[in-house]
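Coordinates from target_23.pdb are shown below (PDB, C-alpha atoms).
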ATOM      1  CA  GLY A   1       1.062  13.843 -15.969
ATOM      2  CA  ALA A   2       4.014  12.023 -14.484
ATOM      3  CA  GLY A   3       3.363   9.577 -11.704
ATOM      4  CA  VAL A   4       5.509   8.652  -8.719
ATOM      5  CA  SER A   5       8.998   7.756  -9.889
ATOM      6  CA  GLN A   6      11.349   5.469  -7.980
ATOM      7  CA  THR A   7      14.973   4.830  -8.792
ATOM      8  CA  PRO A   8      16.675   2.509  -9.192
ATOM      9  CA  SER A   9      14.103  -0.115 -10.131
ATOM     10  CA  ASN A  10      16.517  -2.815  -8.994
ATOM     11  CA  LYS A  11      19.419  -2.654  -6.572
ATOM     12  CA  VAL A  12      21.734  -5.529  -5.753
ATOM     13  CA  THR A  13      24.188  -4.984  -2.928
ATOM     14  CA  GLU A  14      26.359  -6.934  -0.548
ATOM     15  CA  LYS A  15      25.710  -7.429   3.121
ATOM     16  CA  GLY A  16      27.121  -4.554   5.130
ATOM     17  CA  LYS A  17      26.959  -1.977   2.337
ATOM     18  CA  TYR A  18      25.082   1.329   2.341
ATOM     19  CA  VAL A  19      22.229   1.992  -0.115
ATOM     20  CA  GLU A  20      20.060   4.938  -1.061
ATOM     21  CA  LEU A  21      16.666   4.624  -2.680
ATOM     22  CA  ARG A  22      15.074   7.640  -4.319
ATOM     23  CA  CYS A  23      11.440   8.663  -4.678
ATOM     24  CA  ASP A  24      10.155  11.517  -6.826
ATOM     25  CA  PRO A  25       6.487  12.129  -5.923
ATOM     26  CA  ILE A  26       3.763  13.649  -8.032
ATOM     27  CA  SER A  27       4.242  17.398  -8.285
ATOM     28  CA  GLY A  28       2.251  19.227  -5.629
ATOM     29  CA  HIS A  29       1.778  16.201  -3.391
ATOM     30  CA  THR A  30       2.836  17.215   0.102
ATOM     31  CA  ALA A  31       2.394  13.802   1.715
ATOM     32  CA  LEU A  32       4.943  11.076   0.991
ATOM     33  CA  TYR A  33       5.029   7.534   2.330
ATOM     34  CA  TRP A  34       7.601   4.743   2.291
ATOM     35  CA  TYR A  35       6.463   1.141   2.539
ATOM     36  CA  ARG A  36       8.308  -2.166   2.365
ATOM     37  CA  GLN A  37       6.773  -5.228   0.739
ATOM     38  CA  SER A  38       8.198  -8.681   1.217
ATOM     39  CA  LEU A  39       7.231 -11.553  -1.043
ATOM     40  CA  GLY A  40       3.700 -12.724  -0.379
ATOM     41  CA  GLN A  41       2.920  -9.954   2.083
ATOM     42  CA  GLY A  42       1.167  -6.627   2.071
ATOM     43  CA  PRO A  43       2.981  -3.298   2.168
ATOM     44  CA  GLU A  44       4.454  -2.573   5.598
ATOM     45  CA  PHE A  45       4.534   1.066   6.679
ATOM     46  CA  LEU A  46       7.967   2.619   7.263
ATOM     47  CA  ILE A  47       7.687   6.407   7.382
ATOM     48  CA  TYR A  48       5.376   9.257   6.433
ATOM     49  CA  PHE A  49       6.374  12.823   5.510
ATOM     50  CA  GLN A  50       4.167  15.871   5.497
ATOM     51  CA  GLY A  51       6.232  18.455   3.657
ATOM     52  CA  THR A  52       9.839  18.309   4.787
ATOM     53  CA  GLY A  53       9.239  16.751   8.185
ATOM     54  CA  ALA A  54       8.708  13.144   9.146
ATOM     55  CA  ALA A  55       5.242  13.156  10.697
ATOM     56  CA  ASP A  56       5.406   9.482  11.611
ATOM     57  CA  ASP A  57       8.541   7.320  11.517
ATOM     58  CA  SER A  58       7.216   4.607  13.792
ATOM     59  CA  GLY A  59       7.547   1.956  11.096
ATOM     60  CA  LEU A  60      11.304   2.218  10.633
ATOM     61  CA  PRO A  61      12.585  -1.150  11.896
ATOM     62  CA  ASN A  62      15.806   0.107  13.500
ATOM     63  CA  ASP A  63      18.370   2.891  13.396
ATOM     64  CA  ARG A  64      19.982   1.536  10.233
ATOM     65  CA  PHE A  65      17.043   2.997   8.331
ATOM     66  CA  PHE A  66      16.715   6.726   7.764
ATOM     67  CA  ALA A  67      14.773   8.879   5.317
ATOM     68  CA  VAL A  68      14.946  12.521   4.323
ATOM     69  CA  ARG A  69      12.910  14.946   2.272
ATOM     70  CA  PRO A  70      14.901  18.188   2.503
ATOM     71  CA  GLU A  71      12.898  20.329   0.087
ATOM     72  CA  GLY A  72       9.505  18.756   0.526
ATOM     73  CA  SER A  73       9.601  16.961  -2.799
ATOM     74  CA  VAL A  74      12.111  14.201  -3.558
ATOM     75  CA  SER A  75      12.743  11.745  -0.740
ATOM     76  CA  THR A  76      15.647   9.386  -0.141
ATOM     77  CA  LEU A  77      15.465   6.254   1.964
ATOM     78  CA  LYS A  78      18.877   5.351   3.343
ATOM     79  CA  ILE A  79      19.842   1.965   4.695
ATOM     80  CA  GLN A  80      23.158   1.488   6.464
ATOM     81  CA  ARG A  81      24.969  -1.818   7.009
ATOM     82  CA  THR A  82      22.462  -3.720   4.923
ATOM     83  CA  GLU A  83      21.411  -7.193   6.003
ATOM     84  CA  ARG A  84      19.952 -10.045   3.973
ATOM     85  CA  GLY A  85      16.662  -9.540   5.785
ATOM     86  CA  ASP A  86      16.401  -6.068   4.259
ATOM     87  CA  SER A  87      15.761  -7.647   0.861
ATOM     88  CA  ALA A  88      12.292  -6.561  -0.268
ATOM     89  CA  VAL A  89      10.486  -4.201  -2.610
ATOM     90  CA  TYR A  90      10.543  -0.672  -1.238
ATOM     91  CA  LEU A  91       7.486   1.276  -2.282
ATOM     92  CA  CYS A  92       6.958   5.002  -2.281
ATOM     93  CA  ALA A  93       3.558   6.686  -2.438
ATOM     94  CA  SER A  94       2.371  10.270  -2.421
ATOM     95  CA  SER A  95      -0.891  12.107  -1.933
ATOM     96  CA  VAL A  96      -2.246  15.612  -1.564
ATOM     97  CA  GLN A  97      -2.367  16.887   2.021
ATOM     98  CA  GLY A  98      -5.114  15.044   3.868
ATOM     99  CA  GLY A  99      -5.867  13.039   0.769
ATOM    100  CA  GLU A 100      -7.311   9.564   1.105
ATOM    101  CA  LYS A 101      -5.918   8.234  -2.153
ATOM    102  CA  LEU A 102      -2.325   7.094  -2.421
ATOM    103  CA  PHE A 103      -0.425   7.081  -5.699
ATOM    104  CA  PHE A 104       2.296   4.440  -5.716
ATOM    105  CA  GLY A 105       5.508   4.149  -7.624
ATOM    106  CA  SER A 106       6.615   0.873  -9.165
ATOM    107  CA  GLY A 107       9.023   0.222  -6.328
ATOM    108  CA  THR A 108      12.700  -0.586  -5.910
ATOM    109  CA  GLN A 109      13.573  -4.260  -5.627
ATOM    110  CA  LEU A 110      16.450  -4.423  -3.132
ATOM    111  CA  SER A 111      18.461  -7.618  -2.984
ATOM    112  CA  VAL A 112      21.123  -7.987  -0.312
ATOM    113  CA  LEU A 113      23.499 -10.844  -1.042
TER     114      LEU A 113
ATOM    115  CA  ALA B   1      -3.182  -1.804  17.324
ATOM    116  CA  GLN B   2      -4.673  -1.588  13.886
ATOM    117  CA  SER B   3      -4.848  -4.702  11.753
ATOM    118  CA  VAL B   4      -6.370  -5.840   8.505
ATOM    119  CA  ALA B   5      -7.158  -9.454   7.691
ATOM    120  CA  GLN B   6      -7.748 -10.993   4.306
ATOM    121  CA  PRO B   7      -8.640 -14.571   5.162
ATOM    122  CA  GLU B   8      -8.098 -15.996   1.682
ATOM    123  CA  ASP B   9      -4.632 -16.113   0.146
ATOM    124  CA  GLN B  10      -6.115 -17.110  -3.199
ATOM    125  CA  VAL B  11      -9.525 -16.796  -4.835
ATOM    126  CA  ASN B  12     -10.327 -18.617  -8.056
ATOM    127  CA  VAL B  13     -13.403 -17.772 -10.092
ATOM    128  CA  ALA B  14     -14.600 -18.534 -13.602
ATOM    129  CA  GLU B  15     -14.915 -15.681 -16.060
ATOM    130  CA  GLY B  16     -18.412 -14.232 -16.017
ATOM    131  CA  ASN B  17     -19.133 -15.383 -12.483
ATOM    132  CA  PRO B  18     -19.442 -13.001  -9.541
ATOM    133  CA  LEU B  19     -16.423 -12.576  -7.311
ATOM    134  CA  THR B  20     -15.893 -11.641  -3.673
ATOM    135  CA  VAL B  21     -12.607 -10.866  -1.972
ATOM    136  CA  LYS B  22     -12.977 -10.660   1.792
ATOM    137  CA  CYS B  23     -11.545  -8.133   4.217
ATOM    138  CA  THR B  24     -12.048  -7.588   7.934
ATOM    139  CA  TYR B  25     -10.340  -4.994  10.098
ATOM    140  CA  SER B  26      -9.606  -4.136  13.685
ATOM    141  CA  VAL B  27      -9.261  -0.395  14.191
ATOM    142  CA  SER B  28     -10.544   1.896  16.888
ATOM    143  CA  GLY B  29     -13.262   4.262  15.781
ATOM    144  CA  ASN B  30     -14.565   4.415  12.244
ATOM    145  CA  PRO B  31     -11.665   4.226   9.828
ATOM    146  CA  TYR B  32     -11.411   5.092   6.205
ATOM    147  CA  LEU B  33     -11.378   1.881   4.126
ATOM    148  CA  PHE B  34      -9.720   1.190   0.800
ATOM    149  CA  TRP B  35      -9.036  -1.401  -1.834
ATOM    150  CA  TYR B  36      -5.895  -1.348  -3.963
ATOM    151  CA  VAL B  37      -4.926  -3.660  -6.828
ATOM    152  CA  GLN B  38      -1.465  -4.738  -7.928
ATOM    153  CA  TYR B  39      -1.009  -6.072 -11.427
ATOM    154  CA  PRO B  40       2.178  -7.982 -12.304
ATOM    155  CA  ASN B  41       5.223  -5.714 -12.586
ATOM    156  CA  ARG B  42       3.172  -2.628 -11.773
ATOM    157  CA  GLY B  43       2.656  -0.452  -8.727
ATOM    158  CA  LEU B  44      -0.389  -0.557  -6.498
ATOM    159  CA  GLN B  45      -3.404   1.230  -7.924
ATOM    160  CA  PHE B  46      -6.333   2.708  -6.056
ATOM    161  CA  LEU B  47      -9.649   0.930  -6.694
ATOM    162  CA  LEU B  48     -12.145   2.462  -4.296
ATOM    163  CA  LYS B  49     -12.668   3.936  -0.852
ATOM    164  CA  TYR B  50     -15.286   4.220   1.855
ATOM    165  CA  ILE B  51     -15.376   7.494   3.739
ATOM    166  CA  THR B  52     -18.983   7.937   4.835
ATOM    167  CA  GLY B  53     -22.517   7.556   3.585
ATOM    168  CA  ASP B  54     -23.870   4.646   1.555
ATOM    169  CA  ASN B  55     -22.420   1.330   2.670
ATOM    170  CA  LEU B  56     -22.014   0.189  -0.936
ATOM    171  CA  VAL B  57     -19.285   2.071  -2.746
ATOM    172  CA  LYS B  58     -18.461   1.799  -6.427
ATOM    173  CA  GLY B  59     -14.983   2.048  -7.853
ATOM    174  CA  SER B  60     -12.882   1.499 -10.923
ATOM    175  CA  TYR B  61     -13.269  -1.335 -13.445
ATOM    176  CA  GLY B  62     -16.771  -2.274 -12.247
ATOM    177  CA  PHE B  63     -15.668  -3.173  -8.716
ATOM    178  CA  GLU B  64     -17.704  -2.324  -5.642
ATOM    179  CA  ALA B  65     -17.300  -2.906  -1.931
ATOM    180  CA  GLU B  66     -19.732  -3.229   0.934
ATOM    181  CA  PHE B  67     -18.990  -1.736   4.335
ATOM    182  CA  ASN B  68     -20.490  -3.611   7.276
ATOM    183  CA  LYS B  69     -19.869  -1.811  10.542
ATOM    184  CA  SER B  70     -21.202  -4.529  12.827
ATOM    185  CA  GLN B  71     -18.998  -7.157  11.217
ATOM    186  CA  THR B  72     -16.085  -4.742  10.671
ATOM    187  CA  SER B  73     -15.838  -5.970   7.110
ATOM    188  CA  PHE B  74     -15.270  -4.359   3.747
ATOM    189  CA  HIS B  75     -15.595  -7.080   1.118
ATOM    190  CA  LEU B  76     -14.724  -6.372  -2.498
ATOM    191  CA  LYS B  77     -17.181  -7.561  -5.134
ATOM    192  CA  LYS B  78     -17.774  -7.618  -8.851
ATOM    193  CA  PRO B  79     -20.895  -9.021 -10.541
ATOM    194  CA  SER B  80     -19.082 -10.541 -13.523
ATOM    195  CA  ALA B  81     -15.359 -11.326 -13.408
ATOM    196  CA  LEU B  82     -12.980 -10.803 -16.323
ATOM    197  CA  VAL B  83      -9.729 -12.648 -16.976
ATOM    198  CA  SER B  84      -8.034  -9.247 -16.883
ATOM    199  CA  ASP B  85      -9.124  -8.847 -13.239
ATOM    200  CA  SER B  86      -6.517 -11.435 -12.247
ATOM    201  CA  ALA B  87      -4.188  -9.621  -9.870
ATOM    202  CA  LEU B  88      -3.242  -9.141  -6.225
ATOM    203  CA  TYR B  89      -5.799  -7.231  -4.168
ATOM    204  CA  PHE B  90      -5.058  -5.382  -0.938
ATOM    205  CA  CYS B  91      -7.489  -4.035   1.608
ATOM    206  CA  ALA B  92      -6.278  -1.038   3.648
ATOM    207  CA  VAL B  93      -7.470   1.143   6.510
ATOM    208  CA  ARG B  94      -6.546   4.557   7.823
ATOM    209  CA  PRO B  95      -7.672   6.015  11.160
ATOM    210  CA  ARG B  96     -10.317   8.696  10.846
ATOM    211  CA  ASP B  97      -8.775  10.869  13.534
ATOM    212  CA  ASN B  98      -5.517  12.732  13.031
ATOM    213  CA  TYR B  99      -3.417  10.407  15.118
ATOM    214  CA  GLY B 100      -1.245   8.596  12.641
ATOM    215  CA  GLN B 101      -1.715   9.262   8.990
ATOM    216  CA  ASN B 102      -0.327   5.958   7.811
ATOM    217  CA  PHE B 103      -2.366   3.418   5.948
ATOM    218  CA  VAL B 104      -2.339  -0.174   7.194
ATOM    219  CA  PHE B 105      -2.549  -2.846   4.494
ATOM    220  CA  GLY B 106      -3.754  -6.410   4.633
ATOM    221  CA  PRO B 107      -1.606  -9.311   3.415
ATOM    222  CA  GLY B 108      -3.290  -9.446   0.033
ATOM    223  CA  THR B 109      -5.459 -11.910  -1.864
ATOM    224  CA  ARG B 110      -4.471 -13.280  -5.241
ATOM    225  CA  LEU B 111      -7.437 -13.378  -7.591
ATOM    226  CA  SER B 112      -7.308 -15.745 -10.547
ATOM    227  CA  VAL B 113     -10.097 -15.514 -13.098
ATOM    228  CA  LEU B 114     -10.178 -18.584 -15.274
ATOM    229  CA  PRO B 115     -11.365 -18.380 -18.887
TER     230      PRO B 115
END
Translate the structure described by the file into structure tokens.
Amino acid sequence: GAGVSQTPSNKVTEKGKYVELRCDPISGHTALYWYRQSLGQGPEFLIYFQGTGAADDSGLPNDRFFAVRPEGSVSTLKIQRTERGDSAVYLCASSVQGGEKLFFGSGTQLSVL
Amino acid sequence: AQSVAQPEDQVNVAEGNPLTVKCTYSVSGNPYLFWYVQYPNRGLQFLLKYITGDNLVKGSYGFEAEFNKSQTSFHLKKPSALVSDSALYFCAVRPRDNYGQNFVFGPGTRLSVLP
């Protein structure tokens, strides 16, 4: 079956612009996670959804970052007024409710010039 | 605060030799423990997990990991390395209780298996 899909695979934007990153989880997976991975580092937790609600958004670095999952499936990570420091690979993962195994997408490489 | 340490940035091993990739953690209680692998230009893939029971867990591609509660370690091992095992390996933990469902990842260890 289809895995976790993330679009776009690459996004180049200018400092100050707004970007949206999309994640389409595995069908039936109620848990959805966003992580950010900078070069040479491990994935850094951003936000976790259980269904439509954000169960834990403690990893969002500031109020420029926001994520939604209105129908409990597809999620969008939104970044306002992008900064060069936001450049990273943004990873999405999903799992069944209470599941211990995460399924990751291939990520979106965001480059802020 | 939860943290995961992988003390080696890079591990080099000759093909056919045993390999170990080290992981230690600092988490309250008894967490769930995981290893994930990241091949070039691909997403992270689950390798194995420790939930409870036998301290030696077996996973995909011939990998295994040993949980040591007293040393708070969860080292990844394989008896005979393959060139195709060359990749980035991440150790991760998740609290066993319901507070916080997020997984915390280590910084990663790059494994290079030399032919």
For this session: Starting from chain B, keep only residues with some atom at most 6 Å from an atom of chain A, counting all atoms listed in the file, and report them as a PyMOL selection string.
Result: chain B and resi 42-44+105-108
Region 54-62 of chain B: axis-aligned bounding box, 8 Å on each side, centre and edge lengths in Å, one decimal, as lines of an AutoDock Vina configuration file:
center_x = -18.4
center_y = 1.2
center_z = -5.4
size_x = 27.0
size_y = 22.9
size_z = 32.1
Exercise. What is the CA of Gln38 (chain B) to CA of Ser86 (chain B) distance in Å?
Worked result: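 Distance reported for this atom pair: 9.4 Å.
Using all atoms listed in the file, the smallest distance between any of B:Val11, B:Val21, B:Ala1, B:Val83 and Val113 (chain B) comes from B:Val83.
Between CA of Arg81 (chain A) and CA of Pro61 (chain A) the separation is 13.3 Å.
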Exercise. Could you state the separation of CA of Ser9 (chain A) and CA of Leu60 (chain A) in Å, given to one decimal place?
Worked result: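 According to the coordinates, CA of Ser9 (chain A) and CA of Leu60 (chain A) are separated by 21.1 Å.
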